[in-house]
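Enquirer: My structure is in work-v1.txt, and what it holds is compact mmCIF, C-alpha atoms and all ligand atoms:
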# COMPACT_ATOMS: atom_id res chain seq x y z
CA MET A 8 -11.44 17.89 -17.50
CA ASP A 9 -15.20 17.93 -16.88
CA LYS A 10 -15.95 19.93 -13.77
CA LYS A 11 -18.14 17.78 -11.53
CA SER A 12 -20.45 18.77 -8.76
CA ILE A 13 -19.98 16.46 -5.79
CA ILE A 14 -22.19 16.17 -2.71
CA ILE A 15 -20.43 14.74 0.35
CA VAL A 16 -22.63 13.51 3.20
CA GLY A 17 -20.59 13.91 6.38
CA GLY A 18 -18.14 16.62 7.43
CA GLY A 19 -15.69 14.59 9.50
CA ILE A 20 -12.04 14.09 8.67
CA ILE A 21 -12.79 11.64 5.85
CA GLY A 22 -15.55 13.71 4.22
CA MET A 23 -13.63 16.99 4.49
CA SER A 24 -10.30 15.55 3.33
CA ILE A 25 -11.95 14.00 0.26
CA GLY A 26 -13.72 17.32 -0.33
CA TRP A 27 -10.49 19.24 -0.18
CA GLU A 28 -8.77 16.87 -2.64
CA LEU A 29 -11.70 17.22 -5.05
CA ILE A 30 -11.52 21.02 -4.83
CA ARG A 31 -7.79 20.79 -5.59
CA LEU A 32 -8.65 18.72 -8.65
CA GLY A 33 -10.98 21.52 -9.81
CA HIS A 34 -14.43 20.22 -8.81
CA ASP A 35 -17.39 21.80 -7.00
CA VAL A 36 -17.91 20.39 -3.53
CA THR A 37 -20.86 20.63 -1.14
CA ILE A 38 -20.55 18.98 2.27
CA VAL A 39 -23.77 18.30 4.16
CA GLU A 40 -23.26 17.67 7.88
CA ARG A 41 -25.89 16.82 10.50
CA ASP A 42 -23.94 18.75 13.18
CA ARG A 43 -21.04 21.20 12.80
CA VAL A 44 -18.28 20.01 10.49
CA GLY A 45 -15.29 18.52 12.26
CA ARG A 46 -16.97 18.17 15.64
CA GLY A 47 -17.96 14.50 15.62
CA ALA A 48 -15.87 11.34 16.02
CA SER A 49 -12.85 12.92 14.29
CA TRP A 50 -12.74 15.62 16.96
CA ILE A 51 -13.15 13.12 19.78
CA ALA A 52 -10.06 11.17 18.67
CA GLY A 53 -6.46 10.92 19.76
CA GLY A 54 -4.73 11.67 16.45
CA MET A 55 -2.39 8.68 16.82
CA LEU A 56 -0.90 7.35 13.59
CA SER A 57 -0.50 3.84 14.94
CA ALA A 58 0.11 1.74 11.84
CA ASN A 59 2.78 -0.36 13.55
CA ALA A 60 1.61 -0.52 17.17
CA GLU A 61 -1.97 -1.50 16.29
CA VAL A 62 -1.28 -4.08 13.57
CA GLY A 63 -3.38 -7.17 14.22
CA PHE A 64 -2.62 -10.77 13.42
CA GLU A 65 -4.06 -11.72 10.00
CA GLU A 66 -4.40 -8.07 8.94
CA MET A 67 -1.52 -7.64 6.52
CA GLU A 68 -3.57 -6.13 3.65
CA PHE A 69 -4.88 -3.57 6.12
CA TYR A 70 -1.34 -2.99 7.39
CA ARG A 71 -0.23 -2.30 3.81
CA ILE A 72 -2.57 0.71 3.39
CA SER A 73 -2.03 1.85 6.97
CA ALA A 74 1.75 1.92 6.47
CA GLU A 75 1.37 3.71 3.13
CA SER A 76 -0.92 6.32 4.70
CA LEU A 77 1.56 6.77 7.56
CA ARG A 78 4.30 7.26 4.95
CA ARG A 79 2.20 9.97 3.26
CA TRP A 80 1.36 11.83 6.50
CA PRO A 81 4.46 14.08 6.84
CA GLU A 82 4.03 15.49 3.33
CA TYR A 83 0.27 15.75 3.81
CA ALA A 84 0.74 17.65 7.09
CA LYS A 85 3.19 20.03 5.41
CA MET A 86 0.74 20.63 2.58
CA LEU A 87 -2.11 21.38 5.02
CA GLU A 88 0.12 23.75 6.99
CA ARG A 89 1.44 25.51 3.90
CA GLU A 90 -2.02 25.97 2.33
CA SER A 91 -3.89 26.91 5.51
CA SER A 92 -1.15 28.75 7.42
CA ARG A 93 -2.16 26.69 10.47
CA SER A 94 -0.04 24.25 12.42
CA VAL A 95 -1.36 20.69 12.63
CA CYS A 96 1.15 19.80 15.38
CA TYR A 97 2.71 16.77 13.68
CA ARG A 98 4.88 15.04 16.31
CA ASP A 99 7.44 12.37 15.55
CA GLU A 100 8.60 11.06 18.95
CA GLY A 101 6.81 7.77 18.29
CA SER A 102 4.84 5.59 20.61
CA ILE A 103 5.67 3.16 23.41
CA THR A 104 3.38 0.23 24.14
CA VAL A 105 3.73 -1.02 27.69
CA ALA A 106 2.64 -4.04 29.73
CA ASP A 107 2.00 -3.83 33.45
CA ASP A 108 1.62 -7.50 34.44
CA ARG A 109 2.56 -10.99 33.30
CA ASP A 110 -0.45 -11.53 31.05
CA SER A 111 -0.13 -8.21 29.26
CA ALA A 112 3.66 -8.75 28.92
CA GLU A 113 3.01 -12.14 27.30
CA ALA A 114 0.48 -10.59 24.88
CA LEU A 115 2.94 -7.79 24.08
CA ARG A 116 5.75 -10.31 23.43
CA ARG A 117 3.53 -12.32 21.01
CA ARG A 118 2.54 -9.19 19.11
CA PHE A 119 6.17 -7.98 19.03
CA GLU A 120 7.34 -11.30 17.56
CA PHE A 121 4.64 -11.11 14.89
CA GLN A 122 5.58 -7.48 14.10
CA ALA A 123 9.31 -8.26 13.94
CA GLU A 124 8.68 -11.31 11.70
CA HIS A 125 6.88 -9.02 9.23
CA GLY A 126 9.71 -6.47 9.25
CA LEU A 127 7.90 -3.67 11.15
CA ASP A 128 10.08 -1.08 12.83
CA VAL A 129 9.50 -2.02 16.49
CA ARG A 130 12.06 -2.31 19.30
CA TRP A 131 11.83 -4.34 22.48
CA LEU A 132 12.88 -2.27 25.52
CA SER A 133 13.92 -3.34 28.98
CA ALA A 134 12.21 -1.46 31.82
CA ALA A 135 15.36 0.65 32.31
CA GLU A 136 15.60 1.47 28.58
CA ALA A 137 11.91 2.42 28.52
CA LEU A 138 12.37 4.79 31.47
CA ASP A 139 15.44 6.33 29.87
CA LEU A 140 13.45 7.03 26.73
CA GLU A 141 10.37 8.29 28.59
CA PRO A 142 10.93 9.28 32.23
CA PHE A 143 7.18 9.82 32.80
CA LEU A 144 6.46 6.08 32.47
CA ALA A 145 5.56 4.22 35.64
CA PRO A 146 8.61 2.58 37.20
CA GLY A 147 8.42 -1.21 37.39
CA LEU A 148 6.51 -1.88 34.17
CA SER A 149 6.93 -5.45 32.93
CA ALA A 150 7.74 -4.80 29.27
CA ALA A 151 7.73 -2.11 26.59
CA VAL A 152 7.92 -1.85 22.81
CA HIS A 153 8.95 1.33 21.01
CA SER A 154 7.36 2.07 17.61
CA PRO A 155 9.48 5.03 16.47
CA LEU A 156 7.49 5.58 13.26
CA ASP A 157 4.05 5.75 14.88
CA HIS A 158 3.80 9.52 14.96
CA GLN A 159 0.78 11.70 15.76
CA VAL A 160 -1.02 14.87 14.66
CA ASP A 161 -3.45 17.13 16.41
CA ASN A 162 -6.66 15.94 14.75
CA ARG A 163 -8.53 19.06 15.89
CA CYS A 164 -6.02 21.32 14.12
CA VAL A 165 -6.28 19.14 11.00
CA LEU A 166 -10.08 19.51 11.05
CA ASP A 167 -9.91 23.27 11.43
CA ALA A 168 -7.35 23.50 8.62
CA LEU A 169 -9.53 21.40 6.30
CA ARG A 170 -12.63 23.47 7.07
CA ASP A 171 -10.79 26.72 6.29
CA LEU A 172 -9.29 25.29 3.11
CA ILE A 173 -12.63 24.05 1.83
CA LEU A 174 -14.26 27.43 2.40
CA GLU A 175 -11.33 29.33 0.89
CA GLY A 176 -11.38 26.94 -2.08
CA GLY A 177 -15.03 27.76 -2.82
CA GLY A 178 -16.55 24.64 -1.22
CA ARG A 179 -19.95 24.86 0.41
CA LEU A 180 -20.65 23.63 3.94
CA VAL A 181 -24.29 22.90 4.76
CA GLU A 182 -24.21 22.37 8.53
CA LEU A 183 -26.87 21.34 11.06
CA SER A 184 -28.61 19.57 8.19
CA ALA A 185 -29.43 15.88 8.39
CA VAL A 186 -29.60 13.94 5.15
CA VAL A 187 -32.62 11.64 5.40
CA ALA A 188 -32.57 10.04 1.95
CA ILE A 189 -30.23 9.48 -0.93
CA VAL A 190 -31.64 9.29 -4.43
CA PRO A 191 -29.21 7.23 -6.52
CA ASP A 192 -28.85 7.97 -10.21
CA ASP A 193 -26.10 7.33 -12.77
CA VAL A 194 -26.16 10.93 -14.00
CA ALA A 195 -27.78 13.11 -11.34
CA PRO A 196 -27.93 11.55 -7.85
CA SER A 197 -29.19 13.75 -5.03
CA VAL A 198 -29.74 13.94 -1.27
CA GLU A 199 -32.88 14.89 0.62
CA ILE A 200 -32.29 17.00 3.72
CA ASP A 201 -34.66 17.10 6.68
CA GLY A 202 -36.86 20.20 6.30
CA GLN A 203 -34.88 21.64 3.37
CA ASP A 204 -34.64 21.42 -0.41
CA SER A 205 -32.84 18.47 -2.01
CA ILE A 206 -29.34 18.97 -3.34
CA GLY A 207 -28.24 17.27 -6.53
CA GLY A 208 -24.90 16.73 -8.24
CA HIS A 209 -22.95 14.29 -10.39
CA VAL A 210 -21.84 12.08 -7.49
CA VAL A 211 -22.93 11.56 -3.87
CA VAL A 212 -20.18 10.50 -1.47
CA VAL A 213 -21.32 8.94 1.81
CA ALA A 214 -18.70 9.69 4.48
CA ALA A 215 -21.07 9.93 7.42
CA GLY A 216 -19.12 7.71 9.81
CA ALA A 217 -21.34 5.73 12.17
CA TRP A 218 -24.41 7.33 10.52
CA SER A 219 -23.57 5.98 7.06
CA ARG A 220 -26.53 3.55 7.08
CA GLN A 221 -29.11 5.99 8.40
CA PHE A 222 -30.70 6.93 5.05
CA SER A 223 -33.65 5.77 3.07
CA GLY A 224 -33.46 5.46 -0.71
CA ILE A 225 -30.82 2.70 -0.85
CA GLU A 226 -31.61 -0.97 -0.32
CA PRO A 227 -30.40 -1.93 3.20
CA GLU A 228 -28.16 -4.68 1.78
CA HIS A 229 -26.40 -2.07 -0.36
CA LEU A 230 -25.76 0.38 2.48
CA PRO A 231 -22.27 0.30 4.04
CA ALA A 232 -22.08 -2.32 6.79
CA VAL A 233 -21.11 0.02 9.65
CA ARG A 234 -22.09 0.17 13.32
CA PRO A 235 -21.32 2.76 16.02
CA VAL A 236 -18.57 1.84 18.51
CA LYS A 237 -18.57 4.29 21.40
CA GLY A 238 -15.29 5.75 22.61
CA GLN A 239 -14.95 7.98 25.67
CA ILE A 240 -11.86 10.15 25.97
CA LEU A 241 -10.59 12.78 28.40
CA ASP A 242 -8.67 16.01 27.96
CA LEU A 243 -6.31 16.79 30.85
CA LYS A 244 -4.49 20.08 31.28
CA VAL A 245 -0.71 19.88 31.24
CA LYS A 246 0.86 21.32 34.38
CA GLU A 247 4.54 21.43 35.27
CA PRO A 248 6.54 19.32 35.85
CA PHE A 249 4.50 16.95 33.62
CA ASN A 250 6.25 16.77 30.27
CA LEU A 251 5.40 13.51 28.53
CA LYS A 252 6.90 13.22 25.04
CA HIS A 253 5.73 9.88 23.63
CA VAL A 254 2.34 8.39 22.97
CA ILE A 255 1.98 5.70 25.65
CA ARG A 256 -0.27 2.73 24.99
CA GLY A 257 -1.18 0.48 27.89
CA PRO A 258 -3.50 -2.48 28.36
CA GLN A 259 -6.46 -0.33 29.51
CA ALA A 260 -5.78 3.17 28.19
CA TYR A 261 -3.50 5.32 26.08
CA VAL A 262 -2.00 8.70 27.00
CA ILE A 263 -1.18 11.20 24.26
CA PRO A 264 0.72 14.45 24.86
CA LYS A 265 -0.73 17.00 22.42
CA ASP A 266 0.75 20.47 22.82
CA GLU A 267 2.12 22.24 25.88
CA THR A 268 -1.43 22.60 27.25
CA ARG A 269 -3.25 19.31 26.68
CA VAL A 270 -2.86 15.58 27.16
CA VAL A 271 -5.48 13.10 25.96
CA VAL A 272 -6.46 9.90 27.75
CA GLY A 273 -8.43 7.35 25.74
CA ALA A 274 -10.42 5.41 24.96
CA THR A 275 -13.21 3.09 25.91
CA GLU A 276 -14.61 0.75 23.31
CA GLU A 277 -18.31 0.08 23.85
CA GLU A 278 -21.02 -1.43 21.67
CA MET A 279 -23.92 0.74 22.86
CA GLY A 280 -25.66 1.80 19.66
CA PHE A 281 -25.90 5.57 19.25
CA ASP A 282 -25.49 6.33 22.97
CA VAL A 283 -22.99 9.15 23.57
CA GLN A 284 -23.24 9.65 27.31
CA VAL A 285 -20.04 10.08 29.26
CA THR A 286 -20.24 7.67 32.18
CA ALA A 287 -18.64 7.55 35.61
CA GLY A 288 -17.47 3.99 34.89
CA GLY A 289 -15.87 5.02 31.60
CA VAL A 290 -14.01 7.94 33.16
CA TYR A 291 -12.94 5.81 36.13
CA LYS A 292 -11.53 3.04 33.91
CA LEU A 293 -9.66 5.49 31.70
CA LEU A 294 -8.09 7.35 34.63
CA GLU A 295 -7.13 4.12 36.39
CA GLY A 296 -5.66 2.62 33.18
CA ALA A 297 -3.75 5.82 32.40
CA TRP A 298 -2.49 6.28 35.97
CA GLU A 299 -1.06 2.73 36.01
CA ILE A 300 1.21 3.50 33.06
CA VAL A 301 1.81 7.28 33.46
CA PRO A 302 1.31 8.06 37.17
CA GLY A 303 2.03 11.77 36.69
CA ILE A 304 -1.44 12.30 35.21
CA TYR A 305 -2.80 12.12 38.79
CA ASP A 306 -2.20 15.81 39.46
CA LEU A 307 -3.43 17.16 36.14
CA PRO A 308 -6.70 19.10 36.00
CA LEU A 309 -9.47 17.32 34.13
CA LEU A 310 -10.66 19.64 31.36
CA HIS A 311 -13.29 17.71 29.41
CA ALA A 312 -14.74 14.25 28.95
CA TYR A 313 -16.26 13.31 25.60
CA ALA A 314 -17.93 10.33 23.99
CA GLY A 315 -17.89 9.77 20.23
CA LEU A 316 -18.93 7.04 17.83
CA ARG A 317 -16.35 5.27 15.69
CA PRO A 318 -17.71 3.76 12.48
CA GLY A 319 -16.86 0.06 12.77
CA SER A 320 -17.51 -2.13 9.75
CA ARG A 321 -18.34 -5.84 9.97
CA ASP A 322 -14.65 -6.77 9.60
CA ASN A 323 -13.46 -3.51 11.24
CA GLU A 324 -11.71 -2.43 8.03
CA PRO A 325 -12.68 0.58 5.92
CA ILE A 326 -15.34 0.58 3.21
CA VAL A 327 -14.22 2.71 0.28
CA GLY A 328 -15.42 2.59 -3.30
CA TRP A 329 -18.43 2.76 -5.61
CA SER A 330 -21.55 1.29 -4.08
CA ASP A 331 -24.16 -0.71 -5.98
CA ALA A 332 -26.42 2.36 -5.87
CA PRO A 333 -25.78 4.34 -9.08
CA GLY A 334 -23.76 7.52 -8.62
CA VAL A 335 -23.07 6.82 -4.92
CA TYR A 336 -19.54 6.33 -3.54
CA TYR A 337 -18.79 5.19 0.04
CA ALA A 338 -15.92 6.24 2.31
CA SER A 339 -16.75 4.97 5.75
CA GLY A 340 -15.94 2.27 8.31
CA HIS A 341 -12.55 3.69 9.30
CA TYR A 342 -13.19 2.55 12.87
CA ARG A 343 -10.07 3.23 15.02
CA ASN A 344 -7.99 4.53 12.13
CA GLY A 345 -9.73 7.49 10.51
CA VAL A 346 -6.93 9.96 11.19
CA LEU A 347 -4.18 7.53 10.14
CA LEU A 348 -6.00 6.62 6.93
CA THR A 349 -6.90 10.20 5.96
CA PRO A 350 -4.19 10.89 3.33
CA ILE A 351 -4.55 7.61 1.46
CA THR A 352 -8.36 7.64 1.59
CA ALA A 353 -8.63 11.26 0.48
CA GLN A 354 -6.07 11.08 -2.31
CA GLU A 355 -7.08 7.71 -3.76
CA ALA A 356 -10.84 8.18 -3.35
CA ALA A 357 -10.80 11.65 -4.94
CA LEU A 358 -9.17 10.20 -8.07
CA GLU A 359 -11.70 7.38 -8.20
CA ILE A 360 -14.64 9.77 -7.76
CA ALA A 361 -13.48 12.42 -10.21
CA GLU A 362 -11.47 10.51 -12.76
CA LYS A 363 -12.86 6.99 -12.54
CA ASN A 364 -9.41 5.69 -11.53
CA ASP A 365 -9.27 2.26 -9.97
CA SER A 366 -6.94 2.51 -6.98
CA ASP A 367 -4.74 -0.47 -6.31
CA TRP A 368 -4.53 0.64 -2.66
CA LEU A 369 -8.27 0.55 -2.13
CA LYS A 370 -9.16 -2.62 -3.97
CA GLY A 371 -9.22 -4.82 -0.83
CA PHE A 372 -11.71 -2.48 0.89
CA ARG A 373 -14.69 -2.32 -1.45
CA PRO A 374 -18.25 -2.16 -0.04
CA GLN A 375 -19.28 -5.31 -1.92
CA ARG A 376 -17.05 -7.58 0.21
CA LEU A 377 -19.42 -7.12 3.16
CA GLN A 378 -22.73 -7.37 1.40
CA MET A 379 -25.08 -9.98 2.74
CA THR A 380 -25.76 -12.63 0.14
CA THR A 381 -28.99 -14.53 0.39
CA SER A 382 -28.79 -18.16 -0.49
CA THR A 383 -31.51 -19.35 -2.85
CA GLY A 384 -30.62 -22.90 -2.03
N1 LIG A 401 -7.50 5.12 17.40
C1 LIG A 401 -7.73 4.91 18.75
C2 LIG A 401 -9.13 4.72 19.13
O1 LIG A 401 -10.02 4.62 18.30
O2 LIG A 401 -9.38 4.67 20.32
As a first step, turn the structure in this file into structure tokens.
Expert:
Amino acid sequence: MDKKSIIIVGGGIIGMSIGWELIRLGHDVTIVERDRVGRGASWIAGGMLSANAEVGFEEMEFYRISAESLRRWPEYAKMLERESSRSVCYRDEGSITVADDRDSAEALRRRFEFQAEHGLDVRWLSAAEALDLEPFLAPGLSAAVHSPLDHQVDNRCVLDALRDLILEGGGRLVELSAVVAIVPDDVAPSVEIDGQDSIGGHVVVVAAGAWSRQFSGIEPEHLPAVRPVKGQILDLKVKEPFNLKHVIRGPQAYVIPKDETRVVVGATEEEMGFDVQVTAGGVYKLLEGAWEIVPGIYDLPLLHAYAGLRPGSRDNEPIVGWSDAPGVYYASGHYRNGVLLTPITAQEAALEIAEKNDSDWLKGFRPQRLQMTTSTG
């Protein structure tokens, strides 16, 4: 095996998980991050592994990799825990999607029928069955669907585990360093960092989330077609007798019990460019939407409110593969599913980067599918 030197731009869950796989394969990894690693969109996330609950009509190719990544998560979580000696709080109670009026019940029924037709493991629950399963649900909900396989992890613990593993494995983290340009090259691509020396290697991986287009050096039409999609979330402090077990997904908000101390309420979805302000309106909508489905949140102390930027691609599906810029590989555009898609992206992309594999799982998600073509008439 030729030992390669790989520069990863972006230290979120995708960049770090690819980095860790490459280190395990025996390569040198440098991660360049504009902020602190693991403190961007991947930190401000819920950690839901919602392959089944979130499946959209017409998205079966995307469902295929989501379900495969979900299948890989338990083993991946065990590996992270074993190697890092940290818990990643994998929880397997599953999620319950609820409707609170006639319109949302109708939409839930249509989605359930589509899911059942495609063989997904989802179960329709009467209001009484839903309350039996999860007593902290609001009484009187119109409908509920249980997705027993849609588990969750604590994304923050995963990020801390990955950071430790990369450092212990000899990886280099260059934090608070913004990459301003990428210099593509078949043999020795490099990155230029604001106010610092360039760093070169054998491959540059762009995993910079919503910032994955913010570089010079690559033709705009060859940059990954991503945009920022703002999400505000809240951390509430768990206080007895509140003891929610399942992830609850409602029409306006979701509620995720993390550990015995924290419950997450999310998330807004706003097209506001790179704005990351927490707003009164965002917090109000989240609390109202969460209270309608899990009224017990009313008495919980509000710990923090955050806003992060999901990387949404033009078709809202990931962008993973070799770009048209020589020596540059993209892993971006994971939008609402970065945590869910971490194992499959990291494992398949690392083999493509280091060993020139061609992953069957990733072939529907190449950057070229979204490139603008100009008609010459
Ligand atoms: N995965 C949930 C969200 O992006 O809000």
Enquirer: For ligand LIG 401 (chain A), what centre and edge lengths in Å (one decimal) does the axis-aligned box get once 3 Å is added on each side of all its listed atoms, as AutoDock Vina command-line options?
Expert:
--center_x -8.8 --center_y 4.9 --center_z 18.9 --size_x 8.5 --size_y 6.5 --size_z 8.9
Enquirer: Tell me which protein, DNA and RNA residues are within 9 Å of Ser223 in chain A, counting only C-alpha atoms, leaving out same-chain ones fewer than 2 positions away, and put them as a list in words.
Expert: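 With the cut-off at 9 Å, the set is Val187, Ala188, Ile189, Val190, Arg220, Gln221, Ile225, Glu226 and Pro227 of chain A.
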Enquirer: Quick one: everything within 12 Å of Arg234 in chain A, counting only C-alpha atoms, minus sequence neighbours fewer than 6 positions away in the same chain. Send it as a PDB file with C-alpha atoms, in the frame of the given file.
Expert:
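File produced: around-v1.pdb:
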ATOM      1  CA  ALA A 215     -21.070   9.930   7.420  1.00  0.00           C
ATOM      2  CA  GLY A 216     -19.120   7.710   9.810  1.00  0.00           C
ATOM      3  CA  ALA A 217     -21.340   5.730  12.170  1.00  0.00           C
ATOM      4  CA  TRP A 218     -24.410   7.330  10.520  1.00  0.00           C
ATOM      5  CA  SER A 219     -23.570   5.980   7.060  1.00  0.00           C
ATOM      6  CA  ARG A 220     -26.530   3.550   7.080  1.00  0.00           C
ATOM      7  CA  GLN A 221     -29.110   5.990   8.400  1.00  0.00           C
ATOM      8  CA  GLU A 277     -18.310   0.080  23.850  1.00  0.00           C
ATOM      9  CA  GLU A 278     -21.020  -1.430  21.670  1.00  0.00           C
ATOM     10  CA  MET A 279     -23.920   0.740  22.860  1.00  0.00           C
ATOM     11  CA  GLY A 280     -25.660   1.800  19.660  1.00  0.00           C
ATOM     12  CA  PHE A 281     -25.900   5.570  19.250  1.00  0.00           C
ATOM     13  CA  ASP A 282     -25.490   6.330  22.970  1.00  0.00           C
ATOM     14  CA  LEU A 316     -18.930   7.040  17.830  1.00  0.00           C
ATOM     15  CA  ARG A 317     -16.350   5.270  15.690  1.00  0.00           C
ATOM     16  CA  PRO A 318     -17.710   3.760  12.480  1.00  0.00           C
ATOM     17  CA  GLY A 319     -16.860   0.060  12.770  1.00  0.00           C
ATOM     18  CA  SER A 320     -17.510  -2.130   9.750  1.00  0.00           C
ATOM     19  CA  ARG A 321     -18.340  -5.840   9.970  1.00  0.00           C
ATOM     20  CA  ASP A 322     -14.650  -6.770   9.600  1.00  0.00           C
ATOM     21  CA  ASN A 323     -13.460  -3.510  11.240  1.00  0.00           C
ATOM     22  CA  GLU A 324     -11.710  -2.430   8.030  1.00  0.00           C
ATOM     23  CA  PRO A 325     -12.680   0.580   5.920  1.00  0.00           C
ATOM     24  CA  SER A 339     -16.750   4.970   5.750  1.00  0.00           C
ATOM     25  CA  GLY A 340     -15.940   2.270   8.310  1.00  0.00           C
ATOM     26  CA  HIS A 341     -12.550   3.690   9.300  1.00  0.00           C
ATOM     27  CA  TYR A 342     -13.190   2.550  12.870  1.00  0.00           C
TER      28      TYR A 342
END
Enquirer: Using all atoms listed in the file, which protein or nucleic acid residues are at most 7 Å from ligand LIG 401 (chain A), as a VMD selection string?
Expert: chain A and resid 52 to 53 55 238 273 to 275 317 342 to 344
Enquirer: Limited to C-alpha atoms, could you put the picked residues into a file as a PDB file, in the coordinates of the input?
Expert:
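After the write, part-v3.pdb holds the following:
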ATOM      1  CA  ALA A  52     -10.060  11.170  18.670  1.00  0.00           C
ATOM      2  CA  GLY A  53      -6.460  10.920  19.760  1.00  0.00           C
ATOM      3  CA  MET A  55      -2.390   8.680  16.820  1.00  0.00           C
ATOM      4  CA  GLY A 238     -15.290   5.750  22.610  1.00  0.00           C
ATOM      5  CA  GLY A 273      -8.430   7.350  25.740  1.00  0.00           C
ATOM      6  CA  ALA A 274     -10.420   5.410  24.960  1.00  0.00           C
ATOM      7  CA  THR A 275     -13.210   3.090  25.910  1.00  0.00           C
ATOM      8  CA  ARG A 317     -16.350   5.270  15.690  1.00  0.00           C
ATOM      9  CA  TYR A 342     -13.190   2.550  12.870  1.00  0.00           C
ATOM     10  CA  ARG A 343     -10.070   3.230  15.020  1.00  0.00           C
ATOM     11  CA  ASN A 344      -7.990   4.530  12.130  1.00  0.00           C
TER      12      ASN A 344
END
Enquirer: When you draw a straight line from CA of Asp110 in chain A to CA of Leu148 in chain A, how long is it in Å?
Expert: 12.3 Å
Enquirer: Can you fill out range 136-147 of chain A with N, CA, C and O atoms and hand it back as a tab-separated table (two decimals), in the coordinates of the input?
Expert:
chain	number	residue	atom	x	y	z
A	136	GLU	N	15.52	0.76	29.87
A	136	GLU	CA	15.60	1.47	28.58
A	136	GLU	C	14.33	2.30	28.34
A	136	GLU	O	14.38	3.42	27.84
A	137	ALA	N	13.18	1.71	28.71
A	137	ALA	CA	11.91	2.42	28.52
A	137	ALA	C	11.89	3.71	29.35
A	137	ALA	O	11.50	4.78	28.88
A	138	LEU	N	12.37	3.61	30.59
A	138	LEU	CA	12.37	4.79	31.47
A	138	LEU	C	13.36	5.85	31.01
A	138	LEU	O	13.14	7.05	31.18
A	139	ASP	N	14.47	5.38	30.43
A	139	ASP	CA	15.44	6.33	29.87
A	139	ASP	C	14.82	7.12	28.74
A	139	ASP	O	15.00	8.33	28.61
A	140	LEU	N	14.07	6.39	27.90
A	140	LEU	CA	13.45	7.03	26.73
A	140	LEU	C	12.31	7.95	27.17
A	140	LEU	O	12.12	9.03	26.62
A	141	GLU	N	11.54	7.51	28.17
A	141	GLU	CA	10.37	8.29	28.59
A	141	GLU	C	10.27	8.27	30.11
A	141	GLU	O	9.67	7.38	30.71
A	142	PRO	N	10.88	9.27	30.75
A	142	PRO	CA	10.93	9.28	32.23
A	142	PRO	C	9.55	9.37	32.89
A	142	PRO	O	9.44	9.09	34.09
A	143	PHE	N	8.50	9.72	32.16
A	143	PHE	CA	7.18	9.82	32.80
A	143	PHE	C	6.42	8.49	32.84
A	143	PHE	O	5.30	8.42	33.34
A	144	LEU	N	7.07	7.41	32.34
A	144	LEU	CA	6.46	6.08	32.47
A	144	LEU	C	6.48	5.64	33.93
A	144	LEU	O	7.37	6.04	34.69
A	145	ALA	N	5.54	4.78	34.28
A	145	ALA	CA	5.56	4.22	35.64
A	145	ALA	C	6.80	3.37	35.82
A	145	ALA	O	7.15	2.60	34.92
A	146	PRO	N	7.49	3.49	36.96
A	146	PRO	CA	8.61	2.58	37.20
A	146	PRO	C	8.06	1.18	37.43
A	146	PRO	O	6.91	1.01	37.84
A	147	GLY	N	8.85	0.16	37.10
A	147	GLY	CA	8.42	-1.21	37.39
A	147	GLY	C	7.47	-1.82	36.39
A	147	GLY	O	6.80	-2.80	36.69
